[in-house]
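Worksheet: the structure to be examined is printed underneath.
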Amino acid sequence: MATSFQKAVWEALKRIPRGKVTTYGAIAAHLNTKAVRAVGSAVGQNPYAPEVPCHRVVNAGGRLGNYSGEGGKSTKKRLLEREGVVVKNDRIMDFGTHFFDYTKER
DNA sequence: TACATGACTATCC
DNA sequence: GGGATAGCCATGT
């Protein structure tokens, strides 16, 4: 079932524009919490696969981290590159450029 | 209510 | 640089 926390996480994900990525830590900070692990769980359980761009979420340092989808990280990597994000060796190139900062957004 | 688990992060060796 | 350990909060059993 969708808890209030999970909804908040998914809402945060939907704010990520195409071609941008964010981190679990950034989302946690945006939700005023440090539960980055809970955030990861929420993202992984999102029932709105195409609606919620879960593939735009990476872990600290711009590494892809995990991905519960077809092909796993491979698919995630391909989706990101298709949006203009360069991924190399499971890592985001020019992470700072593609990073979506919630504190700077609006 | 209590315990175990997890799409994580930071620190230590 | 890579592996192990601890801390963290929400969720599920």
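Residues in the structure tokens are numbered from 1 in each chain, the chains being A, B, ... in the order shown, and ligands are numbered from 1 in the order shown.
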
Running DSSP on the backbone, which parts of chain A land in helix (DSSP H, G or I), as a compact mmCIF listing (two decimals) with N, CA, C and O atoms, in the first residue's frame?
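In the end it all went to states.txt:
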```txt
# COMPACT_ATOMS: atom_id res chain seq x y z
N SER A 4 2.16 7.58 3.22
CA SER A 4 2.35 9.00 2.99
C SER A 4 3.79 9.29 2.59
O SER A 4 4.07 10.10 1.71
N PHE A 5 4.69 8.59 3.23
CA PHE A 5 6.11 8.76 2.95
C PHE A 5 6.44 8.40 1.50
O PHE A 5 7.14 9.12 0.80
N GLN A 6 5.91 7.26 1.07
CA GLN A 6 6.18 6.81 -0.30
C GLN A 6 5.63 7.80 -1.32
O GLN A 6 6.30 8.12 -2.30
N LYS A 7 4.43 8.30 -1.06
CA LYS A 7 3.85 9.28 -1.98
C LYS A 7 4.75 10.50 -2.10
O LYS A 7 4.96 11.03 -3.18
N ALA A 8 5.27 10.92 -0.98
CA ALA A 8 6.15 12.09 -0.97
C ALA A 8 7.38 11.83 -1.82
O ALA A 8 7.82 12.70 -2.59
N VAL A 9 7.91 10.63 -1.70
CA VAL A 9 9.10 10.27 -2.49
C VAL A 9 8.77 10.28 -3.98
O VAL A 9 9.50 10.85 -4.78
N TRP A 10 7.65 9.68 -4.33
CA TRP A 10 7.26 9.61 -5.75
C TRP A 10 6.99 11.00 -6.30
O TRP A 10 7.35 11.29 -7.44
N GLU A 11 6.39 11.84 -5.49
CA GLU A 11 6.13 13.22 -5.93
C GLU A 11 7.44 13.91 -6.22
O GLU A 11 7.60 14.65 -7.18
N ALA A 12 8.40 13.69 -5.34
CA ALA A 12 9.72 14.30 -5.50
C ALA A 12 10.36 13.81 -6.80
O ALA A 12 10.95 14.59 -7.54
N LEU A 13 10.20 12.53 -7.09
CA LEU A 13 10.79 11.97 -8.31
C LEU A 13 10.17 12.58 -9.55
O LEU A 13 10.86 12.88 -10.52
N LYS A 14 8.88 12.80 -9.51
CA LYS A 14 8.20 13.35 -10.68
C LYS A 14 8.63 14.78 -10.99
O LYS A 14 8.43 15.28 -12.08
N TYR A 24 19.57 9.72 -3.58
CA TYR A 24 18.71 9.34 -2.46
C TYR A 24 18.89 10.35 -1.33
O TYR A 24 17.93 10.71 -0.66
N GLY A 25 20.10 10.78 -1.15
CA GLY A 25 20.38 11.75 -0.09
C GLY A 25 19.65 13.06 -0.35
O GLY A 25 19.11 13.67 0.57
N ALA A 26 19.63 13.49 -1.62
CA ALA A 26 18.97 14.74 -1.98
C ALA A 26 17.47 14.63 -1.72
O ALA A 26 16.85 15.56 -1.20
N ILE A 27 16.91 13.50 -2.07
CA ILE A 27 15.48 13.29 -1.84
C ILE A 27 15.18 13.29 -0.35
O ILE A 27 14.23 13.93 0.10
N ALA A 28 16.01 12.60 0.39
CA ALA A 28 15.83 12.54 1.84
C ALA A 28 15.88 13.94 2.42
O ALA A 28 15.05 14.32 3.24
N ALA A 29 16.84 14.72 1.95
CA ALA A 29 16.98 16.09 2.44
C ALA A 29 15.75 16.90 2.07
O ALA A 29 15.25 17.70 2.85
N HIS A 30 15.26 16.68 0.86
CA HIS A 30 14.07 17.40 0.39
C HIS A 30 12.87 17.07 1.26
O HIS A 30 11.99 17.89 1.48
N VAL A 36 17.60 7.76 3.98
CA VAL A 36 17.91 7.47 2.58
C VAL A 36 17.57 6.03 2.23
O VAL A 36 17.22 5.71 1.11
N ARG A 37 17.65 5.16 3.18
CA ARG A 37 17.33 3.75 2.93
C ARG A 37 15.84 3.59 2.71
O ARG A 37 15.39 2.85 1.84
N ALA A 38 15.06 4.29 3.53
CA ALA A 38 13.61 4.24 3.38
C ALA A 38 13.23 4.81 2.02
O ALA A 38 12.33 4.32 1.34
N VAL A 39 13.95 5.85 1.60
CA VAL A 39 13.70 6.47 0.29
C VAL A 39 13.95 5.43 -0.80
O VAL A 39 13.13 5.27 -1.71
N GLY A 40 15.04 4.73 -0.68
CA GLY A 40 15.36 3.70 -1.67
C GLY A 40 14.28 2.65 -1.74
O GLY A 40 13.86 2.24 -2.82
N SER A 41 13.79 2.24 -0.58
CA SER A 41 12.73 1.23 -0.55
C SER A 41 11.48 1.76 -1.24
O SER A 41 10.84 1.07 -2.02
N ALA A 42 11.14 3.00 -0.95
CA ALA A 42 9.94 3.62 -1.54
C ALA A 42 10.07 3.69 -3.05
O ALA A 42 9.14 3.37 -3.78
N VAL A 43 11.23 4.11 -3.51
CA VAL A 43 11.46 4.20 -4.96
C VAL A 43 11.32 2.83 -5.60
O VAL A 43 10.72 2.68 -6.66
N GLY A 44 11.87 1.84 -4.96
CA GLY A 44 11.82 0.50 -5.51
C GLY A 44 10.42 -0.09 -5.53
O GLY A 44 10.14 -0.99 -6.30
N CYS A 54 12.01 6.56 -11.77
CA CYS A 54 12.87 5.96 -10.77
C CYS A 54 14.29 5.76 -11.31
O CYS A 54 15.23 5.65 -10.56
N HIS A 55 14.42 5.73 -12.64
CA HIS A 55 15.75 5.52 -13.21
C HIS A 55 16.62 6.77 -13.10
O HIS A 55 17.81 6.73 -13.36
N ARG A 56 16.00 7.89 -12.71
CA ARG A 56 16.77 9.13 -12.56
C ARG A 56 17.31 9.28 -11.15
O ARG A 56 17.80 10.33 -10.80
N ALA A 60 24.91 8.14 -3.89
CA ALA A 60 25.91 9.17 -3.68
C ALA A 60 27.08 9.03 -4.63
O ALA A 60 27.54 7.93 -4.91
N GLY A 61 27.57 10.15 -5.15
CA GLY A 61 28.71 10.12 -6.04
C GLY A 61 28.31 9.91 -7.48
O GLY A 61 29.17 9.82 -8.35
N GLY A 62 27.00 9.77 -7.75
CA GLY A 62 26.55 9.60 -9.12
C GLY A 62 26.64 8.19 -9.62
O GLY A 62 26.58 7.93 -10.81
N LYS A 73 20.53 -2.61 -14.01
CA LYS A 73 21.30 -1.40 -14.25
C LYS A 73 21.50 -1.10 -15.73
O LYS A 73 21.59 0.05 -16.13
N SER A 74 21.57 -2.15 -16.52
CA SER A 74 21.78 -1.96 -17.96
C SER A 74 20.67 -1.10 -18.54
O SER A 74 20.90 -0.15 -19.27
N THR A 75 19.43 -1.45 -18.20
CA THR A 75 18.28 -0.70 -18.69
C THR A 75 18.30 0.72 -18.15
O THR A 75 18.07 1.69 -18.86
N LYS A 76 18.58 0.85 -16.89
CA LYS A 76 18.64 2.15 -16.23
C LYS A 76 19.65 3.04 -16.95
O LYS A 76 19.38 4.18 -17.29
N LYS A 77 20.79 2.47 -17.20
CA LYS A 77 21.87 3.19 -17.88
C LYS A 77 21.41 3.65 -19.26
O LYS A 77 21.60 4.80 -19.65
N ARG A 78 20.76 2.75 -19.97
CA ARG A 78 20.32 3.08 -21.32
C ARG A 78 19.26 4.18 -21.30
O ARG A 78 19.28 5.10 -22.11
N LEU A 79 18.35 4.11 -20.35
CA LEU A 79 17.30 5.13 -20.24
C LEU A 79 17.91 6.50 -19.99
O LEU A 79 17.52 7.49 -20.60
N LEU A 80 18.88 6.53 -19.11
CA LEU A 80 19.54 7.80 -18.79
C LEU A 80 20.25 8.36 -20.01
O LEU A 80 20.13 9.55 -20.32
N GLU A 81 20.99 7.53 -20.69
CA GLU A 81 21.74 8.00 -21.86
C GLU A 81 20.78 8.49 -22.93
O GLU A 81 21.07 9.43 -23.66
N ARG A 82 19.61 7.85 -23.00
CA ARG A 82 18.62 8.26 -23.98
C ARG A 82 18.08 9.67 -23.67
O ARG A 82 17.60 10.37 -24.54
N PHE A 95 28.49 14.49 -13.42
CA PHE A 95 27.39 14.36 -12.47
C PHE A 95 26.85 15.72 -12.04
O PHE A 95 25.64 15.94 -11.99
N GLY A 96 27.75 16.64 -11.75
CA GLY A 96 27.33 17.97 -11.30
C GLY A 96 26.45 18.66 -12.33
O GLY A 96 25.54 19.42 -11.98
N THR A 97 26.71 18.39 -13.60
CA THR A 97 25.93 19.02 -14.67
C THR A 97 24.52 18.45 -14.76
O THR A 97 23.57 19.18 -14.98
N HIS A 98 24.42 17.16 -14.57
CA HIS A 98 23.12 16.50 -14.69
C HIS A 98 22.39 16.38 -13.35
O HIS A 98 21.28 15.88 -13.31
```

Can you check which residues of chain C have any atom within 9 Å of chain A? Use only C-alpha atoms (C1' of nucleotides) and format it as number ranges by chain.
-> C: 8-11

For this session: Pick out the chain B residues within 12 Å of chain A. Count only C-alpha atoms (C1' of nucleotides). Give them as JSON, numbers by chain.
Result: {"B": [5, 6, 7, 8, 9, 10]}

Write a file of the selected residues as a PDB file, in the first residue's frame, keeping C-alpha atoms (C1' of nucleotides).
```pdb
ATOM      1  C1'  DT B   5      15.309  -6.161   6.142  1.00  0.00           C
ATOM      2  C1'  DG B   6      16.556  -2.765   2.606  1.00  0.00           C
ATOM      3  C1'  DA B   7      17.128   0.565  -5.006  1.00  0.00           C
ATOM      4  C1'  DC B   8      21.878   4.026   1.172  1.00  0.00           C
ATOM      5  C1'  DT B   9      25.859   6.740   3.296  1.00  0.00           C
ATOM      6  C1'  DA B  10      29.857   7.558   5.888  1.00  0.00           C
TER       7       DA B  10
END
```

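Note that the spacing between CA of Lys88 (chain A) and CA of Glu51 (chain A) amounts to 25.3 Å.
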
Quick one: residues within 12 Å of DC12 (chain B), only C-alpha atoms (C1' of nucleotides), excluding same-chain residues fewer than 6 positions away - as JSON, numbers by chain?
{"C": [3, 4, 5, 6]}

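If you look at CA of Gly84 (chain A) and CA of Phe99 (chain A), they are 12.3 Å away from each other.
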
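CA of Arg63 (chain A) to CA of Asp90 (chain A) spans 5.9 Å [interatomic distance, one decimal].
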